[in-house]
file work-v5.cif (mmCIF, C-alpha atoms)
data_final
#
loop_
_atom_site.label_atom_id
_atom_site.label_comp_id
_atom_site.auth_asym_id
_atom_site.auth_seq_id
_atom_site.Cartn_x
_atom_site.Cartn_y
_atom_site.Cartn_z
CA MET A 586 11.79 37.58 -7.07
CA ILE A 587 13.44 39.19 -4.06
CA SER A 588 14.33 36.88 -1.19
CA THR A 589 12.90 37.74 2.23
CA ASP A 590 15.59 35.83 4.14
CA GLY A 591 17.58 39.00 4.77
CA GLY A 592 14.49 40.81 5.99
CA ASP A 593 13.60 37.94 8.34
CA GLU A 594 17.13 37.93 9.71
CA GLU A 595 16.94 41.67 10.33
CA LEU A 596 13.66 41.27 12.21
CA ARG A 597 15.16 38.53 14.38
CA ARG A 598 18.18 40.71 15.08
CA ARG A 599 15.97 43.60 16.16
CA ASP A 600 13.89 41.31 18.35
CA ASP A 601 17.05 39.97 19.99
CA GLU A 602 18.36 43.48 20.61
CA ALA A 603 15.04 44.57 22.10
CA TYR A 604 14.99 41.50 24.38
CA ILE A 605 18.54 42.15 25.60
CA LYS A 606 17.69 45.78 26.34
CA TRP A 607 14.58 44.66 28.23
CA LEU A 608 16.63 42.16 30.26
CA GLN A 609 19.16 44.83 31.20
CA THR A 610 16.39 47.12 32.40
CA LYS A 611 14.80 44.33 34.44
CA ALA A 612 18.19 43.46 35.94
CA GLU A 613 18.47 47.01 37.27
CA GLU A 614 14.95 46.85 38.70
CA ILE A 615 15.43 43.45 40.32
CA SER A 616 18.75 44.53 41.81
CA ALA A 617 16.98 47.40 43.57
CA THR A 618 14.99 44.81 45.54
CA LEU A 619 17.90 42.47 46.21
CA LYS A 620 20.02 45.37 47.52
CA LYS A 621 17.71 45.52 50.53
CA LEU A 622 18.88 42.11 51.74
CA ASP A 623 21.74 41.63 54.17
CA PRO A 624 25.23 41.18 52.63
CA TYR A 625 25.40 37.47 53.47
CA ARG A 626 22.16 36.74 51.61
CA ILE A 627 23.25 38.90 48.67
CA ASN A 628 26.46 36.88 48.49
CA GLN A 629 24.48 33.61 48.48
CA ILE A 630 22.25 34.80 45.66
CA ILE A 631 25.20 35.95 43.56
CA LYS A 632 26.87 32.56 44.02
CA SER A 633 23.64 30.88 42.92
CA TYR A 634 23.57 32.99 39.77
CA GLU A 635 27.19 32.12 39.05
CA GLN A 636 26.43 28.42 39.45
CA TYR A 637 23.46 28.67 37.06
CA LEU A 638 25.60 30.46 34.48
CA ASN A 639 28.50 28.01 34.74
CA HIS A 640 26.27 24.93 34.70
CA PRO A 641 22.70 25.74 33.55
CA ALA A 642 21.46 22.15 33.82
CA ALA A 643 22.31 22.11 37.53
CA MET A 644 19.74 24.81 38.26
CA HIS A 645 17.14 22.02 38.43
CA VAL A 646 17.30 18.84 40.50
CA PRO A 647 14.85 15.96 41.13
CA LEU A 648 12.37 16.13 43.99
CA GLU A 649 13.04 14.21 47.17
CA ASP A 650 10.95 11.06 47.54
CA ASP A 651 8.65 12.62 50.15
CA GLU A 652 8.20 15.75 48.01
CA GLU A 653 7.27 13.70 44.96
CA GLU A 654 4.84 11.61 46.99
CA ARG A 655 3.17 14.76 48.33
CA ILE A 656 2.73 16.13 44.82
CA LYS A 657 1.26 12.88 43.52
CA GLN A 658 -1.18 12.67 46.41
CA LEU A 659 -2.49 16.14 45.62
CA VAL A 660 -3.37 15.61 41.95
CA GLY A 661 -3.13 11.85 41.46
CA SER A 662 -0.26 9.72 40.16
CA ASP A 663 -2.12 8.94 36.95
CA ARG A 664 -2.20 12.62 35.93
CA LEU A 665 1.55 12.90 36.42
CA GLU A 666 2.43 9.76 34.49
CA ASN A 667 5.41 10.39 32.19
CA ILE A 668 5.89 13.90 33.64
CA ILE A 669 9.33 14.68 35.05
CA LEU A 670 9.11 16.56 38.37
CA LEU A 671 12.00 18.88 39.26
CA LYS A 672 12.73 21.69 41.70
CA THR A 673 14.92 24.80 41.79
CA LYS A 674 15.92 27.52 44.22
CA ALA A 675 15.15 30.20 41.62
CA PHE A 676 11.91 31.97 40.76
CA ILE A 677 11.10 32.89 37.18
CA PHE A 678 9.97 36.18 35.68
CA ALA A 679 8.49 37.21 32.34
CA PRO A 680 6.61 40.16 30.84
CA SER A 681 3.17 40.27 32.38
CA ILE A 682 0.49 38.56 30.30
CA LEU A 683 -2.39 40.48 31.85
CA ALA A 684 -0.87 43.81 32.90
CA PRO A 685 -1.44 46.73 30.50
CA THR A 686 2.21 47.85 30.25
CA GLU A 687 5.35 46.03 29.20
CA ASP A 688 7.07 47.28 32.35
CA SER A 689 5.05 44.89 34.51
CA LEU A 690 6.38 41.45 35.38
CA ASP A 691 4.80 38.13 36.21
CA TYR A 692 6.68 36.11 38.83
CA GLY A 693 6.36 32.34 38.83
CA ALA A 694 7.01 29.51 41.25
CA ALA A 695 6.48 26.77 38.65
CA MET A 696 6.35 26.08 34.95
CA TYR A 697 5.31 23.28 32.62
CA ARG A 698 7.38 22.61 29.49
CA ARG A 699 7.50 20.04 26.69
CA PHE A 700 10.60 19.30 24.63
CA SER A 701 11.42 16.95 21.79
CA LEU A 702 14.71 15.11 22.19
CA HIS A 703 16.08 12.10 20.31
CA GLY A 704 12.71 11.50 18.66
CA LEU A 705 10.72 11.54 21.93
CA TRP A 706 8.61 14.16 23.68
CA PHE A 707 9.25 14.99 27.34
CA SER A 708 6.96 16.83 29.73
CA VAL A 709 8.52 18.60 32.71
CA ILE A 710 7.06 20.47 35.67
CA ALA A 711 9.66 22.51 37.56
CA MET A 712 8.80 24.04 40.94
CA ASN A 713 10.49 26.42 43.33
CA GLU A 714 11.86 24.63 46.37
CA GLU A 715 10.98 27.32 48.90
CA TYR A 716 7.44 27.54 47.52
CA LEU A 717 7.05 23.79 48.06
CA LYS A 718 7.96 24.32 51.72
CA SER A 719 5.90 27.47 52.32
CA ALA A 720 2.67 26.96 50.32
CA THR A 721 -0.43 25.55 51.94
CA LYS A 722 -1.95 22.34 50.62
CA ASN A 723 -4.60 24.32 48.73
CA MET A 724 -1.99 26.65 47.21
CA LEU A 725 0.17 23.78 46.05
CA ARG A 726 -2.82 21.97 44.54
CA TYR A 727 -3.87 25.19 42.81
CA MET A 728 -0.39 25.69 41.36
CA LEU A 729 -0.23 22.13 40.04
CA GLU A 730 -3.73 22.29 38.56
CA HIS A 731 -2.87 25.55 36.82
CA GLU A 732 0.27 24.10 35.22
CA LEU A 733 -1.52 20.92 34.15
CA ALA A 734 -4.47 22.88 32.75
CA GLN A 735 -2.18 25.10 30.70
CA GLY A 736 -0.35 22.02 29.43
CA GLU A 737 -3.61 20.43 28.34
CA ILE A 738 -4.78 23.58 26.56
CA TYR A 739 -1.50 24.01 24.67
CA ALA A 740 -1.51 20.31 23.72
CA GLU A 741 -5.03 20.69 22.35
CA LEU A 742 -4.02 23.74 20.32
CA ALA A 743 -1.02 21.86 18.94
CA GLY A 744 -3.38 19.08 17.89
CA HIS A 745 -5.28 21.68 15.86
CA ASN A 746 -2.04 22.78 14.19
CA VAL A 747 -1.85 26.09 16.08
CA LYS A 748 1.86 26.96 16.17
CA SER A 749 2.00 30.58 17.32
CA LEU A 750 -0.09 32.63 19.71
CA SER A 751 -0.57 36.34 20.24
CA SER A 752 -0.07 37.92 23.65
CA GLU A 753 -3.84 38.35 23.88
CA MET A 754 -4.41 34.64 23.24
CA LYS A 755 -1.80 33.69 25.82
CA GLY A 756 -3.69 35.86 28.30
CA VAL A 757 -6.94 34.06 27.48
CA ILE A 758 -5.25 30.68 27.99
CA HIS A 759 -3.75 31.81 31.29
CA GLU A 760 -7.12 33.00 32.58
CA ASP A 761 -8.91 29.86 31.39
CA ALA A 762 -6.33 27.68 33.14
CA ARG A 763 -6.60 29.83 36.28
CA ARG A 764 -10.37 29.36 36.43
CA LYS A 765 -10.02 25.62 35.97
CA ALA A 766 -7.33 25.46 38.67
CA ILE A 767 -9.56 27.32 41.13
CA GLN A 768 -12.45 24.97 40.39
CA TRP A 769 -10.44 21.75 40.54
CA SER A 770 -8.39 22.69 43.63
CA GLY A 771 -11.25 24.18 45.62
CA ILE A 772 -9.06 27.08 46.71
CA SER A 773 -10.81 30.23 47.94
CA ASP A 774 -10.45 33.65 46.31
CA ARG A 775 -8.74 34.90 49.44
CA GLU A 776 -6.17 32.13 49.37
CA VAL A 777 -5.51 32.80 45.66
CA GLU A 778 -4.56 36.34 46.63
CA GLN A 779 -2.42 35.03 49.48
CA GLU A 780 -0.69 32.64 47.06
CA SER A 781 0.17 35.49 44.72
CA GLN A 782 1.53 37.53 47.61
CA LEU A 783 3.57 34.56 48.84
CA ILE A 784 5.30 34.30 45.45
CA ILE A 785 6.04 38.04 45.43
CA ASP A 786 7.42 37.89 48.98
CA LEU A 787 9.59 34.83 48.34
CA SER A 788 10.89 36.11 45.01
CA ALA A 789 12.28 39.19 46.79
CA HIS A 790 14.65 36.92 48.75
CA HIS A 791 15.72 34.41 46.10
CA PRO A 792 17.34 34.38 42.65
CA LEU A 793 15.05 35.57 39.86
CA VAL A 794 15.81 34.25 36.37
CA PRO A 795 14.24 35.00 32.97
CA VAL A 796 11.78 32.32 31.92
CA HIS A 797 13.74 31.69 28.68
CA PHE A 798 16.84 30.82 30.68
CA ALA A 799 14.82 28.58 33.01
CA SER A 800 13.46 26.75 29.97
CA ALA A 801 16.96 26.41 28.51
CA SER A 802 18.12 25.00 31.83
CA LEU A 803 15.42 22.31 31.64
CA PHE A 804 16.45 21.38 28.12
CA LYS A 805 20.10 21.13 29.17
CA TYR A 806 19.01 19.00 32.14
CA LEU A 807 17.29 16.52 29.80
CA ARG A 808 20.40 16.37 27.62
CA GLU A 809 22.78 15.77 30.53
CA ASN A 810 20.54 13.23 32.28
CA TRP A 811 19.38 11.27 29.24
CA GLU A 812 19.83 7.83 30.79
CA GLN A 813 17.68 8.81 33.77
CA VAL A 814 14.92 10.61 31.85
CA LYS A 815 14.54 8.59 28.63
CA GLN A 816 11.96 6.34 30.32
CA PHE A 817 9.59 9.35 30.44
CA GLY A 818 9.72 10.00 26.69
CA CYS A 819 6.66 9.62 24.46
CA VAL A 820 6.46 9.35 20.67
CA SER A 821 4.68 12.06 18.65
CA GLN A 822 0.90 11.68 18.84
CA ASN A 823 -0.11 13.49 15.64
CA GLU A 824 1.24 15.06 12.48
CA THR A 825 1.63 18.46 14.14
CA GLU A 826 3.91 16.99 16.80
CA LYS A 827 5.88 15.15 14.14
CA GLU A 828 6.37 18.43 12.28
CA LEU A 829 7.34 20.25 15.48
CA GLU A 830 9.70 17.42 16.33
CA ARG A 831 11.64 18.09 13.15
CA SER A 832 11.84 21.81 13.92
CA MET A 833 13.13 21.08 17.43
CA GLY A 834 16.55 20.46 15.94
CA LYS A 835 17.33 24.10 16.60
CA LEU A 836 16.72 23.75 20.35
CA ASP A 837 20.43 23.59 21.13
CA GLU A 838 20.98 26.86 19.31
CA TRP A 839 18.01 28.44 21.08
CA ALA A 840 19.19 27.22 24.50
CA ASP A 841 22.70 28.57 23.95
CA SER A 842 21.23 31.94 22.93
CA ALA A 843 19.09 32.05 26.09
CA ILE A 844 22.17 31.32 28.20
CA LYS A 845 24.14 34.11 26.52
CA SER A 846 21.27 36.51 27.23
CA PHE A 847 21.25 35.41 30.86
CA LYS A 848 24.96 36.19 31.11
CA ILE A 849 24.22 39.78 30.04
CA PHE A 850 21.37 39.96 32.55
CA PHE A 851 23.59 38.71 35.37
CA LYS A 852 26.42 41.07 34.50
CA VAL A 853 24.12 44.08 34.91
CA LEU A 854 22.49 42.63 38.03
CA LYS A 855 25.78 41.99 39.80
CA ARG A 856 27.15 45.39 38.83
CA GLU A 857 24.08 47.11 40.26
CA ILE A 858 24.02 45.06 43.47
CA THR A 859 27.68 45.24 44.33
CA MET A 860 28.65 48.54 42.72
CA THR A 861 32.15 47.27 41.88
CA GLY A 862 31.66 43.57 42.47
CA ALA A 863 34.61 43.51 44.89
CA GLU A 864 32.36 43.30 47.93
CA TYR A 865 31.00 39.85 47.05
CA GLY A 866 33.44 38.34 44.59
CA VAL A 867 35.39 38.89 41.42
CA VAL A 868 34.28 41.71 39.20
CA ILE A 869 32.55 40.61 36.00
CA VAL A 870 34.27 42.20 33.03
#

call {"tool": "encode", "arguments": {"input": "work-v5.cif", "output": "structure tokens"}}
result
Amino acid sequence: MISTDGGDEELRRRDDEAYIKWLQTKAEEISATLKKLDPYRINQIIKSYEQYLNHPAAMHVPLEDDEEERIKQLVGSDRLENIILLKTKAFIFAPSILAPTEDSLDYGAAMYRRFSLHGLWFSVIAMNEEYLKSATKNMLRYMLEHELAQGEIYAELAGHNVKSLSSEMKGVIHEDARRKAIQWSGISDREVEQESQLIIDLSAHHPLVPVHFASASLFKYLRENWEQVKQFGCVSQNETEKELERSMGKLDEWADSAIKSFKIFFKVLKREITMTGAEYGVVIV
């Protein structure tokens, strides 16, 4: 019998190479937008990227008390029980779920993630700080409902032992969550369009990071702030979660890989923005 381990490793290597190439292309595209900003703002954004790279966990910080209270008033404290609420100055980007070509991007002001750490499961919602300040009450409620709805759908799928999803299925989940968020928030179609435009406008003036790196940052945050976050942990609720919990042992390796990929992304981005790098700091070599 011929082992398939080598073949699997080759497939992973090709996937990694394709992802890196995609990140480099997106870095060039994103830099074209950031170049339009004034030099002072470009310098601020570059420094933010450098801070994220040097200390990924520091990309996310807890909400202020008034911010957390506002969020809880919008959707109810009971629905956010055991969910860690964080904020960041960065926006996230990923290949578009709904667009027909791989060249299209989805920009995000928030994301919901679950991680297993030290035998406990942690749920985290991370939001963009500027979006929190700029969004209307309806927009903010819509965003929160969308993240919670997606979290509930994925949890239900996990309970049915669904471990991997196609791009098409992810699109179905996204659209289902979007419809639920519209219904539960009461937001109008017009304001949904305005919310999308707000994210696009804000993302053109702030750091944009790959969603994998943002997720890795959250995981590193949990690791570094264990004493503060352990109270939010929950034990596995079913056999699927117990099985996934065991496979989560590779999260450190995954997070480190995402950070290395981000370094490559940033190197291309800074080169494209600054030409030599000397204008805004030390050249990355």

call {"tool": "residues_around", "arguments": {"input": "work-v5.cif", "residues": "Lys606 of chain A", "least_positions_apart": "3", "cutoff": "12 Å", "atoms": "all atoms listed in the file", "output": "PDB file with C-alpha atoms, keeping the file's coordinate frame"}}
result
ATOM      1  CA  ARG A 599      15.970  43.600  16.160  1.00  0.00           C
ATOM      2  CA  ASP A 600      13.890  41.310  18.350  1.00  0.00           C
ATOM      3  CA  ASP A 601      17.050  39.970  19.990  1.00  0.00           C
ATOM      4  CA  GLU A 602      18.360  43.480  20.610  1.00  0.00           C
ATOM      5  CA  ALA A 603      15.040  44.570  22.100  1.00  0.00           C
ATOM      6  CA  GLN A 609      19.160  44.830  31.200  1.00  0.00           C
ATOM      7  CA  THR A 610      16.390  47.120  32.400  1.00  0.00           C
ATOM      8  CA  LYS A 611      14.800  44.330  34.440  1.00  0.00           C
ATOM      9  CA  ALA A 612      18.190  43.460  35.940  1.00  0.00           C
ATOM     10  CA  GLU A 613      18.470  47.010  37.270  1.00  0.00           C
ATOM     11  CA  SER A 846      21.270  36.510  27.230  1.00  0.00           C
ATOM     12  CA  PHE A 847      21.250  35.410  30.860  1.00  0.00           C
ATOM     13  CA  ILE A 849      24.220  39.780  30.040  1.00  0.00           C
ATOM     14  CA  PHE A 850      21.370  39.960  32.550  1.00  0.00           C
ATOM     15  CA  VAL A 853      24.120  44.080  34.910  1.00  0.00           C
TER      16      VAL A 853
END

call {"tool": "closest_residue", "arguments": {"input": "work-v5.cif", "among": "A:Gln768, A:Thr673, A:Thr859, A:Ser708", "to": "Ala617 of chain A", "atoms": "only C-alpha atoms"}}
result
A:Thr859

call {"tool": "resolve_selection", "arguments": {"input": "work-v5.cif", "expression": "the PyMOL selection byres ((chain A and resi 770) around 12)", "output": "list in words"}}
result
Leu659, Val660, Thr721, Lys722, Asn723, Met724, Leu725, Arg726, Tyr727, Met728, Leu729, Glu730, His731, Leu733, Ala734, Ala762, Arg763, Arg764, Lys765, Ala766, Ile767, Gln768, Trp769, Gly771, Ile772, Ser773, Asp774, Glu776 and Val777 of chain A

call {"tool": "residues_near_point", "arguments": {"input": "work-v5.cif", "point": "(5.1, 38.9, 44.1)", "cutoff": "12 Å", "atoms": "only C-alpha atoms", "output": "list of chain:residue names"}}
result
A:Ile615, A:Thr618, A:Phe676, A:Ile677, A:Phe678, A:Ser681, A:Ser689, A:Leu690, A:Asp691, A:Tyr692, A:Gly693, A:Ala694, A:Glu778, A:Gln779, A:Glu780, A:Ser781, A:Gln782, A:Leu783, A:Ile784, A:Ile785, A:Asp786, A:Leu787, A:Ser788, A:Ala789, A:His790, A:His791, A:Leu793

call {"tool": "resolve_selection", "arguments": {"input": "work-v5.cif", "expression": "the PyMOL selection byres ((chain A and resi 643) around 12)", "output": "PDB file with C-alpha atoms, keeping the file's coordinate frame"}}
result
ATOM      1  CA  SER A 633      23.640  30.880  42.920  1.00  0.00           C
ATOM      2  CA  TYR A 634      23.570  32.990  39.770  1.00  0.00           C
ATOM      3  CA  GLU A 635      27.190  32.120  39.050  1.00  0.00           C
ATOM      4  CA  GLN A 636      26.430  28.420  39.450  1.00  0.00           C
ATOM      5  CA  TYR A 637      23.460  28.670  37.060  1.00  0.00           C
ATOM      6  CA  LEU A 638      25.600  30.460  34.480  1.00  0.00           C
ATOM      7  CA  ASN A 639      28.500  28.010  34.740  1.00  0.00           C
ATOM      8  CA  HIS A 640      26.270  24.930  34.700  1.00  0.00           C
ATOM      9  CA  PRO A 641      22.700  25.740  33.550  1.00  0.00           C
ATOM     10  CA  ALA A 642      21.460  22.150  33.820  1.00  0.00           C
ATOM     11  CA  MET A 644      19.740  24.810  38.260  1.00  0.00           C
ATOM     12  CA  HIS A 645      17.140  22.020  38.430  1.00  0.00           C
ATOM     13  CA  VAL A 646      17.300  18.840  40.500  1.00  0.00           C
ATOM     14  CA  PRO A 647      14.850  15.960  41.130  1.00  0.00           C
ATOM     15  CA  LEU A 671      12.000  18.880  39.260  1.00  0.00           C
ATOM     16  CA  LYS A 672      12.730  21.690  41.700  1.00  0.00           C
ATOM     17  CA  THR A 673      14.920  24.800  41.790  1.00  0.00           C
ATOM     18  CA  LYS A 674      15.920  27.520  44.220  1.00  0.00           C
ATOM     19  CA  ALA A 675      15.150  30.200  41.620  1.00  0.00           C
ATOM     20  CA  ALA A 799      14.820  28.580  33.010  1.00  0.00           C
ATOM     21  CA  ALA A 801      16.960  26.410  28.510  1.00  0.00           C
ATOM     22  CA  SER A 802      18.120  25.000  31.830  1.00  0.00           C
ATOM     23  CA  LEU A 803      15.420  22.310  31.640  1.00  0.00           C
ATOM     24  CA  PHE A 804      16.450  21.380  28.120  1.00  0.00           C
ATOM     25  CA  LYS A 805      20.100  21.130  29.170  1.00  0.00           C
ATOM     26  CA  TYR A 806      19.010  19.000  32.140  1.00  0.00           C
ATOM     27  CA  LEU A 807      17.290  16.520  29.800  1.00  0.00           C
ATOM     28  CA  ARG A 808      20.400  16.370  27.620  1.00  0.00           C
ATOM     29  CA  GLU A 809      22.780  15.770  30.530  1.00  0.00           C
ATOM     30  CA  ASN A 810      20.540  13.230  32.280  1.00  0.00           C
TER      31      ASN A 810
END

call {"tool": "resolve_selection", "arguments": {"input": "work-v5.cif", "expression": "the PyMOL selection byres ((chain A and resi 839) around 12)", "output": "ChimeraX atom specification"}}
result
/A:601,797-798,800-802,804-805,832-838,840-846

call {"tool": "residues_near_point", "arguments": {"input": "work-v5.cif", "point": "(3.1, 41.2, 26.1)", "cutoff": "7 Å", "atoms": "all atoms listed in the file", "output": "number ranges by chain"}}
result
A: 680-682, 687, 752

call {"tool": "write_last_selection", "arguments": {"input": "work-v5.cif", "atoms": "C-alpha atoms", "output": "PDB file, in the frame of the given file"}}
result
ATOM      1  CA  PRO A 680       6.610  40.160  30.840  1.00  0.00           C
ATOM      2  CA  SER A 681       3.170  40.270  32.380  1.00  0.00           C
ATOM      3  CA  ILE A 682       0.490  38.560  30.300  1.00  0.00           C
ATOM      4  CA  GLU A 687       5.350  46.030  29.200  1.00  0.00           C
ATOM      5  CA  SER A 752      -0.070  37.920  23.650  1.00  0.00           C
TER       6      SER A 752
END

call {"tool": "atom_distance", "arguments": {"input": "work-v5.cif", "atom1": "atom CA of Ala711 of chain A", "atom2": "atom CA of Ile668 of chain A"}}
result
10.2 Å

call {"tool": "atom_distance", "arguments": {"input": "work-v5.cif", "atom1": "atom CA of Ile710 of chain A", "atom2": "atom CA of Asn667 of chain A"}}
result
10.8 Å

call {"tool": "atom_distance", "arguments": {"input": "work-v5.cif", "atom1": "atom CA of Ile738 of chain A", "atom2": "atom CA of Arg775 of chain A"}}
result
25.8 Å

call {"tool": "closest_residue", "arguments": {"input": "work-v5.cif", "among": "A:Leu648, A:Phe707, A:Ser662, A:Met696", "to": "Phe817 of chain A", "atoms": "only C-alpha atoms"}}
result
A:Phe707

call {"tool": "closest_residue", "arguments": {"input": "work-v5.cif", "among": "A:Glu857, A:Glu741, A:Glu649, A:Glu666", "to": "Lys620 of chain A", "atoms": "all atoms listed in the file"}}
result
A:Glu857

call {"tool": "closest_residue", "arguments": {"input": "work-v5.cif", "among": "A:Ala695, A:Val814, A:Ile758, A:Leu750", "to": "Glu737 of chain A", "atoms": "all atoms listed in the file"}}
result
A:Ile758

call {"tool": "closest_residue", "arguments": {"input": "work-v5.cif", "among": "A:Gln658, A:Gly818, A:Ala679, A:Leu670", "to": "Trp607 of chain A", "atoms": "all atoms listed in the file"}}
result
A:Ala679

call {"tool": "build_atoms", "arguments": {"input": "work-v5.cif", "residues": "segment 734-742 of chain A", "atoms": "all heavy atoms", "output": "compact mmCIF listing (two decimals), in the coordinates of the input"}}
result
# COMPACT_ATOMS: atom_id res chain seq x y z
N ALA A 734 -3.42 22.35 33.62
CA ALA A 734 -4.47 22.88 32.75
C ALA A 734 -3.87 23.60 31.55
O ALA A 734 -4.32 23.43 30.41
CB ALA A 734 -5.38 23.81 33.54
N GLN A 735 -2.84 24.41 31.81
CA GLN A 735 -2.18 25.10 30.70
C GLN A 735 -1.56 24.10 29.73
O GLN A 735 -1.64 24.26 28.51
CB GLN A 735 -1.10 26.06 31.22
CG GLN A 735 -1.65 27.31 31.85
CD GLN A 735 -0.59 28.38 32.03
OE1 GLN A 735 -0.67 29.47 31.48
NE2 GLN A 735 0.43 28.08 32.81
N GLY A 736 -0.95 23.05 30.28
CA GLY A 736 -0.35 22.02 29.43
C GLY A 736 -1.38 21.35 28.55
O GLY A 736 -1.13 21.09 27.36
N GLU A 737 -2.55 21.08 29.11
CA GLU A 737 -3.61 20.43 28.34
C GLU A 737 -4.13 21.35 27.23
O GLU A 737 -4.41 20.90 26.11
CB GLU A 737 -4.75 20.02 29.27
CG GLU A 737 -4.37 18.88 30.22
CD GLU A 737 -5.41 18.67 31.32
OE1 GLU A 737 -6.43 19.41 31.30
OE2 GLU A 737 -5.21 17.79 32.16
N ILE A 738 -4.28 22.62 27.55
CA ILE A 738 -4.78 23.58 26.56
C ILE A 738 -3.79 23.72 25.40
O ILE A 738 -4.17 23.70 24.23
CB ILE A 738 -5.04 24.95 27.21
CG1 ILE A 738 -6.20 24.85 28.22
CG2 ILE A 738 -5.37 26.00 26.14
CD1 ILE A 738 -6.39 26.09 29.07
N TYR A 739 -2.51 23.86 25.72
CA TYR A 739 -1.50 24.01 24.67
C TYR A 739 -1.40 22.74 23.83
O TYR A 739 -1.19 22.80 22.61
CB TYR A 739 -0.14 24.36 25.27
CG TYR A 739 -0.01 25.83 25.62
CD1 TYR A 739 0.09 26.25 26.94
CD2 TYR A 739 0.01 26.79 24.62
CE1 TYR A 739 0.21 27.60 27.26
CE2 TYR A 739 0.13 28.14 24.93
CZ TYR A 739 0.22 28.54 26.25
OH TYR A 739 0.33 29.87 26.56
N ALA A 740 -1.55 21.57 24.47
CA ALA A 740 -1.51 20.31 23.72
C ALA A 740 -2.69 20.23 22.75
O ALA A 740 -2.55 19.77 21.61
CB ALA A 740 -1.53 19.12 24.68
N GLU A 741 -3.85 20.69 23.21
CA GLU A 741 -5.03 20.69 22.35
C GLU A 741 -4.85 21.63 21.16
O GLU A 741 -5.20 21.30 20.03
CB GLU A 741 -6.26 21.11 23.16
CG GLU A 741 -7.55 21.07 22.35
CD GLU A 741 -8.76 21.47 23.18
OE1 GLU A 741 -8.63 21.59 24.42
OE2 GLU A 741 -9.85 21.66 22.59
N LEU A 742 -4.27 22.80 21.41
CA LEU A 742 -4.02 23.74 20.32
C LEU A 742 -3.02 23.17 19.32
O LEU A 742 -3.17 23.35 18.11
CB LEU A 742 -3.49 25.06 20.89
CG LEU A 742 -4.50 25.91 21.68
CD1 LEU A 742 -3.79 27.07 22.34
CD2 LEU A 742 -5.61 26.41 20.77
